[in-house]
$ cat data18.txt   # compact mmCIF, C-alpha atoms
# COMPACT_ATOMS: atom_id res chain seq x y z
CA MET V 1 27.72 77.46 1.05
CA LYS V 2 24.54 75.56 1.80
CA GLU V 3 25.01 71.79 2.01
CA ASN V 4 22.92 69.79 -0.44
CA ILE V 5 21.30 66.88 1.47
CA SER V 6 18.99 64.41 -0.19
CA SER V 7 15.78 63.32 1.48
CA LYS V 8 17.26 59.85 1.98
CA GLU V 9 20.36 61.21 3.74
CA LEU V 10 18.17 63.48 5.88
CA MET V 11 16.04 60.53 6.96
CA LEU V 12 19.14 58.45 7.83
CA LYS V 13 20.56 61.37 9.79
CA LYS V 14 17.39 61.58 11.86
CA ILE V 15 17.48 57.82 12.48
CA ARG V 16 21.12 57.98 13.67
CA LYS V 17 20.26 60.85 15.99
CA ALA V 18 17.28 58.97 17.41
CA LEU V 19 19.41 55.87 18.02
CA LEU V 20 21.96 57.92 19.97
CA GLU V 21 19.32 59.42 22.24
CA LYS V 22 18.41 57.13 25.12
CA ARG V 23 14.77 57.27 26.13
CA ASP V 24 12.69 55.33 28.61
CA SER V 25 10.24 52.89 27.11
CA PRO V 26 6.72 54.37 27.08
CA HIS V 27 5.33 50.88 27.78
CA PRO V 28 7.75 49.15 30.18
CA ASN V 29 5.29 46.37 31.11
CA LEU V 30 4.07 45.65 27.60
CA GLU V 31 5.22 42.00 27.57
CA GLU V 32 3.36 41.33 30.81
CA THR V 33 0.11 42.81 29.51
CA PRO V 34 -2.44 40.05 28.70
CA LEU V 35 -3.28 39.85 25.01
CA TYR V 36 -6.84 38.68 25.67
CA LYS V 37 -9.42 39.28 28.32
CA ALA V 38 -9.69 36.59 30.99
CA ASN V 39 -11.88 33.72 29.80
CA THR V 40 -14.22 31.85 32.12
CA GLU V 41 -15.65 29.39 29.59
CA ILE V 42 -14.71 25.72 29.58
CA PRO V 43 -12.08 25.22 26.80
CA GLU V 44 -14.16 22.48 25.13
CA VAL V 45 -17.18 24.79 24.95
CA LEU V 46 -15.12 27.75 23.72
CA PHE V 47 -13.46 25.65 21.00
CA ALA V 48 -16.81 24.27 19.84
CA GLU V 49 -18.29 27.79 19.68
CA GLN V 50 -15.35 29.22 17.74
CA LEU V 51 -15.16 26.27 15.33
CA THR V 52 -18.85 26.32 14.48
CA ALA V 53 -18.67 30.10 14.01
CA VAL V 54 -16.35 29.50 11.02
CA ALA V 55 -18.52 26.69 9.56
CA GLY V 56 -16.64 23.79 11.16
CA ASN V 57 -18.31 20.79 12.79
CA PHE V 58 -17.49 19.69 16.35
CA ILE V 59 -18.22 16.24 17.78
CA PHE V 60 -17.28 15.29 21.34
CA CYS V 61 -16.81 11.58 21.98
CA GLU V 62 -16.39 9.86 25.34
CA ASN V 63 -14.35 6.99 23.90
CA GLY V 64 -13.38 5.08 20.75
CA VAL V 65 -16.74 3.31 20.51
CA ASP V 66 -18.55 6.65 20.59
CA PHE V 67 -16.24 7.92 17.85
CA ILE V 68 -16.92 4.91 15.60
CA GLU V 69 -20.68 5.28 16.04
CA ASN V 70 -20.50 8.97 15.08
CA ILE V 71 -18.26 8.49 12.08
CA LEU V 72 -20.46 5.64 10.84
CA ASP V 73 -23.45 7.98 11.01
CA LEU V 74 -21.55 10.62 9.01
CA ALA V 75 -20.42 8.10 6.38
CA GLU V 76 -23.98 6.87 5.94
CA LYS V 77 -25.44 10.39 5.87
CA PHE V 78 -23.05 11.70 3.21
CA LYS V 79 -22.62 8.38 1.33
CA TRP V 80 -18.83 8.41 1.74
CA ARG V 81 -16.97 5.54 0.07
CA LYS V 82 -13.42 6.74 -0.57
CA ILE V 83 -12.16 7.31 2.98
CA TYR V 84 -8.40 7.57 3.52
CA CYS V 85 -6.46 7.18 6.76
CA TRP V 86 -2.66 6.86 6.94
CA GLU V 87 -2.10 7.13 10.71
CA PRO V 88 -1.25 3.67 12.17
CA GLU V 89 -2.91 4.53 15.49
CA LEU V 90 -6.16 5.52 13.79
CA GLN V 91 -5.94 2.60 11.35
CA ALA V 92 -5.85 0.18 14.29
CA LEU V 93 -8.92 1.81 15.84
CA LEU V 94 -10.89 1.78 12.58
CA ALA V 95 -9.85 -1.76 11.69
CA ASN V 96 -10.86 -2.99 15.16
CA TYR V 97 -14.45 -2.02 14.36
CA GLU V 98 -14.21 -3.09 10.70
CA PHE V 99 -14.70 0.45 9.44
CA PRO V 100 -13.78 0.54 5.72
CA PHE V 101 -10.94 2.86 4.68
CA TYR V 102 -7.91 3.09 2.38
CA LYS V 103 -4.49 2.55 3.97
CA THR V 104 -2.51 3.66 0.91
CA ASP V 105 -2.85 6.40 -1.69
CA LYS V 106 -4.38 4.07 -4.28
CA ASP V 107 -6.94 6.02 -6.40
CA PHE V 108 -6.18 9.03 -4.23
CA GLU V 109 -7.51 11.41 -6.89
CA MET V 110 -10.96 9.99 -6.03
CA ALA V 111 -10.59 10.63 -2.27
CA GLU V 112 -13.71 11.93 -0.55
CA VAL V 113 -12.52 11.96 3.06
CA GLY V 114 -9.15 12.33 4.79
CA ILE V 115 -8.84 11.32 8.46
CA THR V 116 -5.84 12.78 10.29
CA LEU V 117 -4.44 13.48 13.72
CA CYS V 118 -3.29 16.95 14.80
CA GLU V 119 -0.77 18.55 17.13
CA ALA V 120 -3.24 20.65 19.13
CA LEU V 121 -6.64 22.33 19.18
CA ILE V 122 -6.63 26.06 19.95
CA ALA V 123 -9.76 26.94 21.94
CA ARG V 124 -9.38 30.72 21.66
CA ASN V 125 -10.06 30.81 17.90
CA GLY V 126 -11.29 27.31 17.08
CA SER V 127 -8.14 26.47 15.12
CA ILE V 128 -6.32 23.18 14.56
CA LEU V 129 -2.53 23.10 14.81
CA ILE V 130 -1.00 20.61 12.37
CA SER V 131 2.48 19.62 11.19
CA ASN V 132 3.96 17.38 8.52
CA GLN V 133 5.38 14.93 11.08
CA ASN V 134 2.28 12.73 11.16
CA GLU V 135 1.87 9.93 8.62
CA ALA V 136 -0.82 11.95 6.83
CA GLY V 137 1.85 14.46 5.82
CA ARG V 138 0.61 17.48 3.87
CA ARG V 139 -1.77 15.89 1.35
CA LEU V 140 -4.47 14.23 3.43
CA SER V 141 -5.60 17.41 5.16
CA ILE V 142 -5.79 19.38 1.90
CA PHE V 143 -6.85 17.26 -1.07
CA PRO V 144 -10.10 15.42 -0.08
CA HIS V 145 -13.34 17.43 -0.01
CA ASN V 146 -13.93 16.39 3.61
CA HIS V 147 -11.34 16.56 6.39
CA ILE V 148 -11.84 14.71 9.68
CA VAL V 149 -9.49 15.62 12.53
CA ILE V 150 -9.08 13.37 15.58
CA ALA V 151 -7.77 14.88 18.83
CA ARG V 152 -7.50 13.87 22.48
CA THR V 153 -8.73 16.14 25.25
CA GLY V 154 -5.09 16.55 26.38
CA GLN V 155 -4.35 18.30 23.08
CA LEU V 156 -6.90 21.06 23.71
CA VAL V 157 -5.16 24.27 24.80
CA MET V 158 -6.33 27.85 25.22
CA ASP V 159 -3.93 29.84 23.02
CA LEU V 160 -1.54 29.35 20.12
CA LYS V 161 1.48 29.79 22.39
CA ASP V 162 0.28 26.81 24.43
CA GLY V 163 0.03 24.78 21.22
CA PHE V 164 3.63 25.64 20.33
CA GLN V 165 4.66 24.53 23.81
CA LEU V 166 3.10 21.12 23.11
CA LEU V 167 5.16 20.98 19.92
CA LYS V 168 8.35 21.82 21.82
CA ASN V 169 7.58 19.18 24.45
CA LYS V 170 6.96 16.58 21.75
CA PHE V 171 9.74 17.29 19.27
CA GLY V 172 12.37 19.11 21.31
CA THR V 173 14.86 20.77 18.96
CA GLN V 174 13.64 18.72 15.97
CA ILE V 175 10.76 21.07 15.14
CA PRO V 176 8.75 19.99 12.06
CA SER V 177 9.54 21.78 8.78
CA MET V 178 5.86 22.56 8.23
CA ILE V 179 3.60 23.90 10.99
CA SER V 180 0.24 25.43 10.15
CA THR V 181 -3.20 26.15 11.53
CA ILE V 182 -6.58 25.31 10.06
CA THR V 183 -9.51 27.55 10.96
CA GLY V 184 -12.69 26.19 9.44
CA PRO V 185 -13.16 24.83 5.91
CA SER V 186 -11.17 26.31 3.02
CA ARG V 187 -12.76 29.56 1.84
CA THR V 188 -12.29 32.55 -0.42
CA ALA V 189 -14.22 35.68 -1.36
CA ASP V 190 -11.83 36.85 -4.07
CA ILE V 191 -14.37 36.53 -6.87
CA GLU V 192 -16.95 39.33 -6.71
CA LYS V 193 -16.81 39.23 -2.87
CA THR V 194 -18.86 36.02 -2.87
CA LEU V 195 -17.88 33.55 -0.14
CA VAL V 196 -17.01 30.14 -1.59
CA LEU V 197 -16.22 27.15 0.64
CA GLY V 198 -13.79 24.48 -0.52
CA ALA V 199 -11.93 26.80 -2.89
CA HIS V 200 -8.38 25.73 -2.01
CA GLY V 201 -8.98 22.70 0.20
CA PRO V 202 -11.69 20.73 2.04
CA LYS V 203 -15.24 22.03 1.86
CA GLU V 204 -16.23 20.37 5.13
CA LEU V 205 -14.24 20.13 8.36
CA PHE V 206 -15.14 17.77 11.21
CA VAL V 207 -13.26 17.77 14.52
CA PHE V 208 -13.68 14.78 16.84
CA LEU V 209 -12.50 15.43 20.39
CA ILE V 210 -12.14 12.08 22.15
CA ASP V 211 -11.94 11.94 25.94
CA ASP V 212 -10.71 8.33 26.13
CA PHE V 213 -8.97 7.10 22.98
CA ALA V 214 -8.96 3.43 24.02
$ encode --input "data18.txt" --output "structure tokens"
Amino acid sequence: MKENISSKELMLKKIRKALLEKRDSPHPNLEETPLYKANTEIPEVLFAEQLTAVAGNFIFCENGVDFIENILDLAEKFKWRKIYCWEPELQALLANYEFPFYKTDKDFEMAEVGITLCEALIARNGSILISNQNEAGRRLSIFPHNHIVIARTGQLVMDLKDGFQLLKNKFGTQIPSMISTITGPSRTADIEKTLVLGAHGPKELFVFLIDDFA
């Protein structure tokens, strides 16, 4: 009598048989194979190219004074008034040069600019690695129409894996509950395939890379 076997049972039977058969891996050195081609560009240049390619803005600053001069120019150019910064380190820098900003979330629904730190800059794809462990939390990098990110040159790494290594070095086993990457301003093309910036977050993204933070 012919045994009646369902298609599901037949598939499981084949899987069991395959698991019992030992075969050599067709790609024994797969983990050692480089994911990307070797890059000869300077990381700062590569990051700037990749960021601007996705409509981000890159500003390199030699020191804190250079940063203040550049952010003052931006504030004057775009007529920013509601600028929010919740990072004590950045607050001290801004206050030292009497740059006006909001320390609390008062009138936050009117926020035009959010200034935050980051965990790392990823040169390979022009992305910014962030977490919820900074004072800015989740809101300041999402709600305002303009997002300004401040990073030191020591936070610029080539690949995402290098960024995660910085996180491990900084937090040890206490990894933040929220880790994400930002690649350019918020965008969507869901409606009639038309690209819209600022759909789910900031419309403009500015990254300041500061060589000497003092």
$ residues_around --input "data18.txt" --residues "Lys106 of chain V" --least-positions-apart "2" --cutoff "12 Å" --atoms "all atoms listed in the file" --output "JSON, numbers by chain"
{"V": [82, 83, 84, 85, 86, 101, 102, 103, 104, 108, 109, 110, 111]}
$ residues_around --input "data18.txt" --residues "Leu160 of chain V" --least-positions-apart "6" --cutoff "10 Å" --atoms "only C-alpha atoms" --output "number ranges by chain"
V: 120-125, 127-129, 166, 181
$ closest_residue --input "data18.txt" --among "V:Leu94, V:Leu20, V:Ile182, V:Leu205" --to "Ile59 of chain V" --atoms "all atoms listed in the file"
V:Leu205
$ closest_residue --input "data18.txt" --among "V:Ile130, V:Leu156, V:Leu167, V:Ile148" --to "Ala48 of chain V" --atoms "only C-alpha atoms"
V:Leu156
$ closest_residue --input "data18.txt" --among "V:Gly154, V:Gly163, V:Pro28, V:Pro185" --to "Phe206 of chain V" --atoms "all atoms listed in the file"
V:Pro185
$ residues_around --input "data18.txt" --residues "Asn134 of chain V" --least-positions-apart "3" --cutoff "9 Å" --atoms "only C-alpha atoms" --output "list in words"
Trp86, Glu87, Thr116, Leu117, Cys118, Glu119, Ile130, Ser131, Gly137 and Arg138 of chain V
$ residues_around --input "data18.txt" --residues "segment 37-47 of chain V" --least-positions-apart "2" --cutoff "12 Å" --atoms "only C-alpha atoms" --output "VMD selection string"
chain V and resid 33 to 35 49 to 54 56 to 61 120 to 128 151 to 159 183 to 184 207 to 211
$ residues_around --input "data18.txt" --residues "Gly114 of chain V" --least-positions-apart "5" --cutoff "6 Å" --atoms "all atoms listed in the file" --output "PyMOL selection string"
chain V and resi 84+140+144+147
$ atom_distance --input "data18.txt" --atom1 "atom CA of Pro176 of chain V" --atom2 "atom CA of Asn132 of chain V"
6.5 Å
$ decode --input "data18.txt" --residues "segment 78-113 of chain V" --atoms "N, CA and C atoms" --output "PDB file, in the first residue's frame"
ATOM      1  N   PHE V  78      19.478  81.301   8.219  1.00  0.00           N
ATOM      2  CA  PHE V  78      18.147  80.682   8.223  1.00  0.00           C
ATOM      3  C   PHE V  78      17.187  81.324   9.230  1.00  0.00           C
ATOM      4  N   LYS V  79      17.641  82.379   9.918  1.00  0.00           N
ATOM      5  CA  LYS V  79      16.790  83.104  10.875  1.00  0.00           C
ATOM      6  C   LYS V  79      16.282  82.193  11.995  1.00  0.00           C
ATOM      7  N   TRP V  80      17.175  81.330  12.509  1.00  0.00           N
ATOM      8  CA  TRP V  80      16.778  80.435  13.596  1.00  0.00           C
ATOM      9  C   TRP V  80      16.652  81.206  14.903  1.00  0.00           C
ATOM     10  N   ARG V  81      15.601  80.900  15.662  1.00  0.00           N
ATOM     11  CA  ARG V  81      15.402  81.524  16.970  1.00  0.00           C
ATOM     12  C   ARG V  81      15.204  80.482  18.063  1.00  0.00           C
ATOM     13  N   LYS V  82      14.481  79.434  17.752  1.00  0.00           N
ATOM     14  CA  LYS V  82      14.194  78.384  18.739  1.00  0.00           C
ATOM     15  C   LYS V  82      15.207  77.248  18.589  1.00  0.00           C
ATOM     16  N   ILE V  83      16.361  77.419  19.231  1.00  0.00           N
ATOM     17  CA  ILE V  83      17.451  76.448  19.148  1.00  0.00           C
ATOM     18  C   ILE V  83      17.578  75.722  20.487  1.00  0.00           C
ATOM     19  N   TYR V  84      17.528  74.398  20.464  1.00  0.00           N
ATOM     20  CA  TYR V  84      17.535  73.607  21.691  1.00  0.00           C
ATOM     21  C   TYR V  84      18.804  72.759  21.799  1.00  0.00           C
ATOM     22  N   CYS V  85      19.370  72.765  22.989  1.00  0.00           N
ATOM     23  CA  CYS V  85      20.562  71.949  23.260  1.00  0.00           C
ATOM     24  C   CYS V  85      20.493  71.462  24.703  1.00  0.00           C
ATOM     25  N   TRP V  86      20.512  70.139  24.902  1.00  0.00           N
ATOM     26  CA  TRP V  86      20.382  69.563  26.236  1.00  0.00           C
ATOM     27  C   TRP V  86      21.648  68.856  26.713  1.00  0.00           C
ATOM     28  N   GLU V  87      22.704  68.915  25.937  1.00  0.00           N
ATOM     29  CA  GLU V  87      23.974  68.270  26.326  1.00  0.00           C
ATOM     30  C   GLU V  87      24.806  69.254  27.148  1.00  0.00           C
ATOM     31  N   PRO V  88      25.102  68.955  28.428  1.00  0.00           N
ATOM     32  CA  PRO V  88      25.874  69.871  29.278  1.00  0.00           C
ATOM     33  C   PRO V  88      27.195  70.331  28.657  1.00  0.00           C
ATOM     34  N   GLU V  89      27.886  69.423  27.992  1.00  0.00           N
ATOM     35  CA  GLU V  89      29.171  69.749  27.372  1.00  0.00           C
ATOM     36  C   GLU V  89      28.993  70.796  26.276  1.00  0.00           C
ATOM     37  N   LEU V  90      27.962  70.620  25.458  1.00  0.00           N
ATOM     38  CA  LEU V  90      27.695  71.580  24.395  1.00  0.00           C
ATOM     39  C   LEU V  90      27.119  72.877  24.959  1.00  0.00           C
ATOM     40  N   GLN V  91      26.309  72.775  26.000  1.00  0.00           N
ATOM     41  CA  GLN V  91      25.745  73.965  26.632  1.00  0.00           C
ATOM     42  C   GLN V  91      26.856  74.877  27.144  1.00  0.00           C
ATOM     43  N   ALA V  92      27.883  74.275  27.749  1.00  0.00           N
ATOM     44  CA  ALA V  92      29.009  75.056  28.266  1.00  0.00           C
ATOM     45  C   ALA V  92      29.737  75.782  27.142  1.00  0.00           C
ATOM     46  N   LEU V  93      29.912  75.088  26.013  1.00  0.00           N
ATOM     47  CA  LEU V  93      30.598  75.688  24.867  1.00  0.00           C
ATOM     48  C   LEU V  93      29.783  76.845  24.294  1.00  0.00           C
ATOM     49  N   LEU V  94      28.482  76.640  24.114  1.00  0.00           N
ATOM     50  CA  LEU V  94      27.621  77.672  23.558  1.00  0.00           C
ATOM     51  C   LEU V  94      27.505  78.870  24.496  1.00  0.00           C
ATOM     52  N   ALA V  95      27.352  78.578  25.785  1.00  0.00           N
ATOM     53  CA  ALA V  95      27.207  79.647  26.775  1.00  0.00           C
ATOM     54  C   ALA V  95      28.484  80.480  26.875  1.00  0.00           C
ATOM     55  N   ASN V  96      29.634  79.847  26.692  1.00  0.00           N
ATOM     56  CA  ASN V  96      30.911  80.544  26.780  1.00  0.00           C
ATOM     57  C   ASN V  96      31.021  81.657  25.738  1.00  0.00           C
ATOM     58  N   TYR V  97      30.338  81.445  24.592  1.00  0.00           N
ATOM     59  CA  TYR V  97      30.367  82.450  23.530  1.00  0.00           C
ATOM     60  C   TYR V  97      29.026  83.199  23.415  1.00  0.00           C
ATOM     61  N   GLU V  98      28.209  83.039  24.466  1.00  0.00           N
ATOM     62  CA  GLU V  98      26.916  83.738  24.561  1.00  0.00           C
ATOM     63  C   GLU V  98      26.016  83.457  23.362  1.00  0.00           C
ATOM     64  N   PHE V  99      26.055  82.215  22.900  1.00  0.00           N
ATOM     65  CA  PHE V  99      25.170  81.807  21.810  1.00  0.00           C
ATOM     66  C   PHE V  99      23.804  81.458  22.409  1.00  0.00           C
ATOM     67  N   PRO V 100      22.726  82.048  21.929  1.00  0.00           N
ATOM     68  CA  PRO V 100      21.403  81.827  22.537  1.00  0.00           C
ATOM     69  C   PRO V 100      20.821  80.446  22.213  1.00  0.00           C
ATOM     70  N   PHE V 101      20.327  79.763  23.237  1.00  0.00           N
ATOM     71  CA  PHE V 101      19.707  78.453  23.040  1.00  0.00           C
ATOM     72  C   PHE V 101      18.819  78.139  24.239  1.00  0.00           C
ATOM     73  N   TYR V 102      17.989  77.115  24.087  1.00  0.00           N
ATOM     74  CA  TYR V 102      17.085  76.672  25.155  1.00  0.00           C
ATOM     75  C   TYR V 102      17.688  75.448  25.848  1.00  0.00           C
ATOM     76  N   LYS V 103      17.808  75.535  27.187  1.00  0.00           N
ATOM     77  CA  LYS V 103      18.358  74.425  27.963  1.00  0.00           C
ATOM     78  C   LYS V 103      17.306  73.381  28.318  1.00  0.00           C
ATOM     79  N   THR V 104      16.042  73.783  28.354  1.00  0.00           N
ATOM     80  CA  THR V 104      14.963  72.879  28.731  1.00  0.00           C
ATOM     81  C   THR V 104      14.044  72.644  27.529  1.00  0.00           C
ATOM     82  N   ASP V 105      12.959  71.910  27.773  1.00  0.00           N
ATOM     83  CA  ASP V 105      12.013  71.659  26.684  1.00  0.00           C
ATOM     84  C   ASP V 105      10.841  72.642  26.686  1.00  0.00           C
ATOM     85  N   LYS V 106      11.040  73.812  27.262  1.00  0.00           N
ATOM     86  CA  LYS V 106      10.008  74.846  27.257  1.00  0.00           C
ATOM     87  C   LYS V 106       9.668  75.225  25.802  1.00  0.00           C
ATOM     88  N   ASP V 107       8.371  75.279  25.489  1.00  0.00           N
ATOM     89  CA  ASP V 107       7.889  75.607  24.132  1.00  0.00           C
ATOM     90  C   ASP V 107       8.515  74.699  23.079  1.00  0.00           C
ATOM     91  N   PHE V 108       8.752  73.445  23.443  1.00  0.00           N
ATOM     92  CA  PHE V 108       9.457  72.537  22.544  1.00  0.00           C
ATOM     93  C   PHE V 108       8.712  72.306  21.232  1.00  0.00           C
ATOM     94  N   GLU V 109       7.385  72.457  21.262  1.00  0.00           N
ATOM     95  CA  GLU V 109       6.614  72.269  20.030  1.00  0.00           C
ATOM     96  C   GLU V 109       6.957  73.317  18.977  1.00  0.00           C
ATOM     97  N   MET V 110       7.649  74.396  19.392  1.00  0.00           N
ATOM     98  CA  MET V 110       8.058  75.449  18.470  1.00  0.00           C
ATOM     99  C   MET V 110       9.524  75.300  18.038  1.00  0.00           C
ATOM    100  N   ALA V 111      10.167  74.221  18.450  1.00  0.00           N
ATOM    101  CA  ALA V 111      11.602  74.028  18.185  1.00  0.00           C
ATOM    102  C   ALA V 111      11.919  74.059  16.692  1.00  0.00           C
ATOM    103  N   GLU V 112      12.943  74.821  16.358  1.00  0.00           N
ATOM    104  CA  GLU V 112      13.415  74.897  14.971  1.00  0.00           C
ATOM    105  C   GLU V 112      14.687  74.088  14.758  1.00  0.00           C
ATOM    106  N   VAL V 113      15.519  74.028  15.802  1.00  0.00           N
ATOM    107  CA  VAL V 113      16.825  73.372  15.695  1.00  0.00           C
ATOM    108  C   VAL V 113      17.096  72.525  16.935  1.00  0.00           C
TER     109      VAL V 113
END
